[in-house]
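Visitor: Below you will find the structure I want to go over with you.
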Amino acid sequence: MLALLRVGVAWFFWHDCGPHEATLNWPAVIVLGIETSCDETGVALYDTDRGLLADALYSQIHIHAEYGGVIPELASRDHIRKTLPLVREVIEKAGIRDAQIGGVAYTAGPGLIGALLVGAAIGRSLAMGWNVPAIGVHHMEGHLLAPMLESDAPAFPFVALLVSGGHTQLVCVEDIGRYKLLGESLDDAAGEAFDKVGKMLGLPYPGGPEVARLAQSGKAGAYKFPRPMTNRPGLDFSFSGLKTFVRNTIAEEVEVQGELNDAVRADIACAFEDAVVNTLAIKCRRALEQTGLSRLVIAGGVSANRRLREVLGATVAKSGGELFYARPELCTDNGAMIAYAGAQRLLAGQSEGLSIQARPRWNLETLPALNP
């Protein structure tokens with residue numbers, strides 16, 4: 001796999017990249033962002049003066065749908081095929097020359113180790129060939145900062161609810177790199193629970209977005225599902241029991257009816273979504289009360305959920321607070337969030353050495369502060 005990467009990067013420079021003399025041009029710089037943590041290849045160019053210049057995303061859903069889940073080796077191989085063509089695509093879309101790129105940011109973790117190594121190897125190689133600094137970005141910090149790409153970006157400090165496929169976390173954010181974990185999922189994350197319930201209901205892969213779509217046609221109140229861990233203090237989450245409750249409800253309905261009809265399927269999806277959303281809302285309200293903050297940021301794939309935005313918007317409004325989130329295309333894994341997060345750290349003088357950094361597990365609280 002690494003041999004293929006070496007050949008690909010060498011071809012990239014030979015094909016269309018002349019000598020590169022660019023260095024960081026303070027205070028503005030164009031940063032290339034590469035995201036390959038799981039099953040989506042994202043590449044973007046962010047200008048610290050003009051904002052997002054161009055981005056491109058390739059999804060591997062059609063590859064993994066046959067297996068009902070992500071196959072790590074297939075994900076890595078597809079990142080090898082797609083990353084460099086996407087780099088060329090965004091450079092052409094942005095209408096810039098390679099020599100104008102002043103830094104490279106790549107997702108260094110957490111994620112699938114093979115997929116991370118692809119993006120890290122390509123990103124570090126491009127930076128070396130262009131003679132510009134490179135930096136490995138924490139995937140969840142990328143999600144957390146994605147709303148900063150919007151015109152109504154939140155001011156620090158704020159509470160962030162990070163809800164991506166494998167993570168559900170509440171974080172107190174004082175500034176970039178100043179994070180305090182308030183609570184997290186102890187078993188299944190919200191996104192994982194959505195995907196698994198989708199599979200239980202016989203919905204196409206990935207199940208999470210399909211559950212949300214189906215829930216829109218369900219009858220509210222047809223089923224009452226528990227709100228896990230809301231009857232005890234603390235800000236941790238647990239969705240494994242809720243997932244089991246849904247499975248048992250489906251089994252009971254099948255025993256009575258012989259099979260699930262479309263109406264029952266929609267009602268179960270609606271009840272499940274309400275349970276997850278209300279649980280998240282209760283915990284977010286507690287986090288705001290505990291920290292004394294009024295701004296709430298939601299980020300990650302599940303933050304695109306329409307019902308979640310509605311309920312959290314109403315929740316923070318009751319106490320005079322504000323809710324912030326990114327546009328839907330910046331909620332899922334993407335290169336723009338990595339380019340932005342990397343640009344902020346490069347501007348602060350942070351960068352990586354020549355070694356390639358890839359961390360399948362990475363504690364958000366261990367990141368260095370932007371301004372120590």
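Identifiers for the structure tokens are assigned positionally: chains receive A, B, ... in sequence, residues are indexed from 1 per chain, and ligands are indexed from 1 in the order shown.
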Within 6 Å of stretch 171-173 of chain A, counting only C-alpha atoms, which residues show up once you throw out same-chain ones fewer than 5 positions away? Write them as a PyMOL selection string, please.
Guide: chain A and resi 157-160+179-182
Visitor: Compile the contact shell of stretch 133-144 of chain A as a PyMOL selection string: residues with an atom at most 6 Å away, counting only C-alpha atoms, same-chain residues fewer than 4 positions apart removed.
Guide: chain A and resi 103-109+127+299-300+337-338+341+351-352
Visitor: Filtering to N, CA and C atoms, could you give me those residues as a tab-separated table (two decimals), in the first residue's frame?
Guide:
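This went into selection09.tsv:
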```
chain	number	residue	atom	x	y	z
A	103	GLY	N	0.59	25.51	3.26
A	103	GLY	CA	0.60	24.52	4.34
A	103	GLY	C	-0.34	23.38	4.02
A	104	VAL	N	-0.11	22.24	4.65
A	104	VAL	CA	-0.94	21.05	4.45
A	104	VAL	C	-1.40	20.53	5.80
A	105	ALA	N	-2.70	20.28	5.93
A	105	ALA	CA	-3.26	19.69	7.14
A	105	ALA	C	-3.91	18.36	6.77
A	106	TYR	N	-3.71	17.37	7.59
A	106	TYR	CA	-4.31	16.06	7.34
A	106	TYR	C	-4.86	15.50	8.65
A	107	THR	N	-5.88	14.67	8.56
A	107	THR	CA	-6.43	14.04	9.74
A	107	THR	C	-5.46	12.99	10.27
A	108	ALA	N	-5.01	13.18	11.50
A	108	ALA	CA	-4.06	12.25	12.10
A	108	ALA	C	-4.74	11.27	13.05
A	109	GLY	N	-6.00	11.48	13.36
A	109	GLY	CA	-6.73	10.59	14.25
A	109	GLY	C	-7.87	11.35	14.92
A	127	ALA	N	3.53	18.14	1.44
A	127	ALA	CA	4.16	19.25	2.15
A	127	ALA	C	5.68	19.25	1.96
A	299	ALA	N	-21.96	19.62	16.45
A	299	ALA	CA	-21.11	19.30	15.30
A	299	ALA	C	-21.01	17.79	15.13
A	300	GLY	N	-20.64	17.37	13.93
A	300	GLY	CA	-20.57	15.95	13.62
A	300	GLY	C	-21.76	15.55	12.75
A	337	MET	N	-13.18	21.19	7.16
A	337	MET	CA	-12.98	21.34	8.60
A	337	MET	C	-11.53	21.06	8.98
A	338	ILE	N	-10.89	20.14	8.26
A	338	ILE	CA	-9.49	19.83	8.54
A	338	ILE	C	-8.59	20.97	8.08
A	341	ALA	N	-9.10	23.86	10.71
A	341	ALA	CA	-8.44	23.58	11.99
A	341	ALA	C	-6.93	23.61	11.84
A	351	SER	N	3.48	23.05	13.90
A	351	SER	CA	3.63	22.20	12.72
A	351	SER	C	4.27	20.88	13.14
A	352	GLU	N	4.25	19.91	12.22
A	352	GLU	CA	4.81	18.59	12.48
A	352	GLU	C	6.23	18.52	11.95
```
Visitor: Just the helix (DSSP H, G or I) stuff from stretch 109-229 of chain A, please, per backbone DSSP, written as a ChimeraX atom specification.
Guide: /A:113-130,139-149,190-200,207-215
Visitor: To one decimal in Å, tell me the separation between atom CA of A:Gly165 and atom CA of A:Pro209.
Guide: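 Distance reported for this atom pair: 11.2 Å.
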Visitor: I'd like the contact shell of A:Ser240 - 9 Å cut-off, only C-alpha atoms, skipping same-chain residues fewer than 5 positions apart - returned as a VMD selection string.
Guide: chain A and resid 186 to 189 193 228 245
Visitor: Write out as a list in words the residues lying within 10 Å of A:Leu116, counting only C-alpha atoms and excluding same-chain residues fewer than 6 positions away.
Guide: Ile34, Glu35, Thr36, Ser37, Cys38, Ser76, His79, Tyr106, Thr107, Ala108, Gly109, Pro110, Gln357, Ala358, Arg359 and Pro360 of chain A
Visitor: If you keep all heavy atoms, can you produce a file of those selected residues as a tab-separated table (two decimals), in the first residue's frame?
Guide:
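This went into selection-v3.tsv:
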```tsv
chain	number	residue	atom	x	y	z
A	34	ILE	N	-6.82	17.49	4.15
A	34	ILE	CA	-7.09	16.12	3.68
A	34	ILE	C	-7.73	15.33	4.81
A	34	ILE	O	-7.17	15.23	5.90
A	34	ILE	CB	-5.79	15.42	3.22
A	34	ILE	CG1	-5.17	16.18	2.04
A	34	ILE	CG2	-6.07	13.97	2.83
A	34	ILE	CD1	-3.81	15.63	1.62
A	35	GLU	N	-8.89	14.75	4.55
A	35	GLU	CA	-9.61	13.94	5.54
A	35	GLU	C	-9.80	12.53	5.00
A	35	GLU	O	-10.45	12.32	3.97
A	35	GLU	CB	-10.96	14.60	5.85
A	35	GLU	CG	-12.06	13.68	6.35
A	35	GLU	CD	-11.74	12.97	7.66
A	35	GLU	OE1	-10.93	13.49	8.44
A	35	GLU	OE2	-12.31	11.90	7.89
A	36	THR	N	-9.22	11.53	5.70
A	36	THR	CA	-9.35	10.12	5.30
A	36	THR	C	-9.48	9.22	6.52
A	36	THR	O	-8.88	8.16	6.57
A	36	THR	CB	-8.12	9.66	4.48
A	36	THR	OG1	-6.95	9.77	5.32
A	36	THR	CG2	-7.93	10.48	3.23
A	37	SER	N	-10.27	9.65	7.51
A	37	SER	CA	-10.31	8.89	8.77
A	37	SER	C	-11.15	7.63	8.69
A	37	SER	O	-10.95	6.70	9.48
A	37	SER	CB	-10.83	9.77	9.90
A	37	SER	OG	-12.16	10.15	9.66
A	38	CYS	N	-12.11	7.58	7.74
A	38	CYS	CA	-12.99	6.41	7.70
A	38	CYS	C	-13.38	6.08	6.26
A	38	CYS	O	-12.55	5.59	5.50
A	38	CYS	CB	-14.23	6.67	8.57
A	38	CYS	SG	-15.25	5.20	8.82
A	76	SER	N	-9.14	1.90	3.02
A	76	SER	CA	-7.78	2.38	2.80
A	76	SER	C	-7.42	2.38	1.32
A	76	SER	O	-6.85	3.34	0.79
A	76	SER	CB	-6.78	1.50	3.57
A	76	SER	OG	-7.06	1.49	4.95
A	79	HIS	N	-9.10	5.21	-0.52
A	79	HIS	CA	-8.48	6.50	-0.25
A	79	HIS	C	-7.23	6.68	-1.12
A	79	HIS	O	-6.96	7.79	-1.60
A	79	HIS	CB	-8.09	6.61	1.23
A	79	HIS	CG	-9.24	6.80	2.15
A	79	HIS	ND1	-10.19	7.79	1.97
A	79	HIS	CD2	-9.59	6.16	3.30
A	79	HIS	CE1	-11.08	7.74	2.95
A	79	HIS	NE2	-10.73	6.75	3.77
A	106	TYR	N	-3.71	17.37	7.59
A	106	TYR	CA	-4.31	16.06	7.34
A	106	TYR	C	-4.86	15.50	8.65
A	106	TYR	O	-4.38	15.84	9.73
A	106	TYR	CB	-3.28	15.08	6.75
A	106	TYR	CG	-2.07	14.85	7.62
A	106	TYR	CD1	-2.08	13.87	8.62
A	106	TYR	CD2	-0.92	15.61	7.47
A	106	TYR	CE1	-0.98	13.66	9.43
A	106	TYR	CE2	0.19	15.40	8.27
A	106	TYR	CZ	0.16	14.43	9.25
A	106	TYR	OH	1.23	14.21	10.06
A	107	THR	N	-5.88	14.67	8.56
A	107	THR	CA	-6.43	14.04	9.74
A	107	THR	C	-5.46	12.99	10.27
A	107	THR	O	-5.13	12.04	9.56
A	107	THR	CB	-7.79	13.38	9.45
A	107	THR	OG1	-8.68	14.36	8.95
A	107	THR	CG2	-8.38	12.77	10.71
A	108	ALA	N	-5.01	13.18	11.50
A	108	ALA	CA	-4.06	12.25	12.10
A	108	ALA	C	-4.74	11.27	13.05
A	108	ALA	O	-4.11	10.33	13.52
A	108	ALA	CB	-2.97	13.02	12.84
A	109	GLY	N	-6.00	11.48	13.36
A	109	GLY	CA	-6.73	10.59	14.25
A	109	GLY	C	-7.87	11.35	14.92
A	109	GLY	O	-7.95	12.58	14.76
A	110	PRO	N	-8.71	10.67	15.65
A	110	PRO	CA	-8.87	9.22	15.68
A	110	PRO	C	-9.55	8.70	14.41
A	110	PRO	O	-10.13	9.48	13.66
A	110	PRO	CB	-9.73	8.99	16.92
A	110	PRO	CG	-10.53	10.25	17.05
A	110	PRO	CD	-9.65	11.36	16.56
A	357	GLN	N	2.31	11.19	11.51
A	357	GLN	CA	1.52	10.97	12.72
A	357	GLN	C	0.17	10.36	12.36
A	357	GLN	O	-0.56	10.89	11.53
A	357	GLN	CB	1.29	12.30	13.45
A	357	GLN	CG	2.56	13.01	13.88
A	357	GLN	CD	3.28	12.28	15.00
A	357	GLN	OE1	2.66	11.62	15.82
A	357	GLN	NE2	4.59	12.41	15.04
A	358	ALA	N	-0.18	9.23	12.98
A	358	ALA	CA	-1.49	8.61	12.80
A	358	ALA	C	-1.88	7.95	14.11
A	358	ALA	O	-1.15	7.09	14.62
A	358	ALA	CB	-1.46	7.58	11.67
A	359	ARG	N	-3.00	8.36	14.68
A	359	ARG	CA	-3.41	7.86	15.99
A	359	ARG	C	-4.86	7.39	15.94
A	359	ARG	O	-5.78	8.20	15.87
A	359	ARG	CB	-3.29	8.97	17.04
A	359	ARG	CG	-1.91	9.62	17.10
A	359	ARG	CD	-1.89	10.74	18.12
A	359	ARG	NE	-0.62	11.43	18.13
A	359	ARG	CZ	-0.32	12.46	18.91
A	359	ARG	NH1	-1.24	12.93	19.74
A	359	ARG	NH2	0.86	13.03	18.86
A	360	PRO	N	-5.09	6.07	15.96
A	360	PRO	CA	-6.46	5.57	15.93
A	360	PRO	C	-7.27	6.02	17.14
A	360	PRO	O	-8.50	6.15	17.07
A	360	PRO	CB	-6.29	4.05	15.88
A	360	PRO	CG	-4.90	3.80	16.38
A	360	PRO	CD	-4.09	4.99	15.98
```
Visitor: Mind running stretch 257-343 of chain A against stretch 166-169 of chain A at 12 Å and telling me each contacting residue's nearest atom pair with the distance in Å (one decimal), counting only C-alpha atoms, chain and number ascending, as CSV?
Guide:
```
residue,atom,partner,partner_atom,distance
A:Val276,CA,A:Thr168,CA,11.3
A:Thr279,CA,A:Thr168,CA,11.7
A:Leu280,CA,A:Thr168,CA,9.2
A:Lys283,CA,A:Gln169,CA,10.3
A:Cys284,CA,A:Gln169,CA,10.2
A:Ala287,CA,A:Gln169,CA,11.1
A:Val297,CA,A:Gln169,CA,11.7
A:Ile298,CA,A:Gln169,CA,10.1
A:Ala299,CA,A:Thr168,CA,10.0
A:Gly300,CA,A:His167,CA,8.7
A:Gly301,CA,A:Gly166,CA,10.0
A:Val302,CA,A:Thr168,CA,9.5
A:Ser303,CA,A:Thr168,CA,10.7
```
Visitor: Which parts of stretch 58-295 of chain A does DSSP call strand (DSSP E or B) when run on the backbone here, written out as a ChimeraX atom specification?
Guide: /A:58-59,101-109,134-138,158-164,167-175,178-185,237,295
Visitor: Per residue of stretch 24-105 of chain A within 10 Å of stretch 308-332 of chain A, what are the shortest atom pair and its distance in Å to one decimal, counting only C-alpha atoms, with rows by chain and residue number, as JSON lines?
Guide:
```
{"residue": "A:Glu40", "atom": "CA", "partner": "A:Thr332", "partner_atom": "CA", "distance": 8.9}
{"residue": "A:Gly42", "atom": "CA", "partner": "A:Thr332", "partner_atom": "CA", "distance": 9.9}
{"residue": "A:Leu57", "atom": "CA", "partner": "A:Glu329", "partner_atom": "CA", "distance": 9.4}
```
Visitor: For A:Asp262, which residue among A:Ile122, A:Ala215, A:Leu235, A:Leu86 is the nearest when counting only C-alpha atoms?
Guide: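 When distances to A:Asp262 are compared using only C-alpha atoms, the smallest one comes from A:Ala215.
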Visitor: Rank nothing, just name the residue among A:Ala190, A:Ile101, A:Val256, A:Leu32 nearest to A:Val277, using only C-alpha atoms.
Guide: A:Ala190
Visitor: From the list A:Leu201, A:Ile113, A:Glu89, A:Glu66, which residue is nearest A:Val254 when using only C-alpha atoms?
Guide: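 Ranked by minimum distance to A:Val254, first place goes to A:Leu201.
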Visitor: State, in Å with one decimal place, the distance from atom CA of A:Ala348 to atom CA of A:Glu184.
Guide: 29.1 Å
Visitor: Distance atom CA of A:Asn231-atom CA of A:Arg286, one decimal place?
Guide: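 Spanning atom CA of A:Asn231 to atom CA of A:Arg286 is a straight-line distance of 12.1 Å.
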Visitor: Show which residues sit within 8 Å of A:Leu367, as a short mmCIF file (atom, residue, chain, number, x, y, z; two decimals) with C-alpha atoms, in the first residue's frame. Count only C-alpha atoms, and ignore same-chain residues fewer than 4 positions away.
Guide:
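Saved result, result-v1.cif, follows:
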```
data_model
loop_
_atom_site.label_atom_id
_atom_site.label_comp_id
_atom_site.auth_asym_id
_atom_site.auth_seq_id
_atom_site.Cartn_x
_atom_site.Cartn_y
_atom_site.Cartn_z
CA GLY A 177 -6.97 23.67 22.13
CA ARG A 178 -8.51 24.48 25.51
CA ASN A 363 -7.81 12.22 23.64
#
```
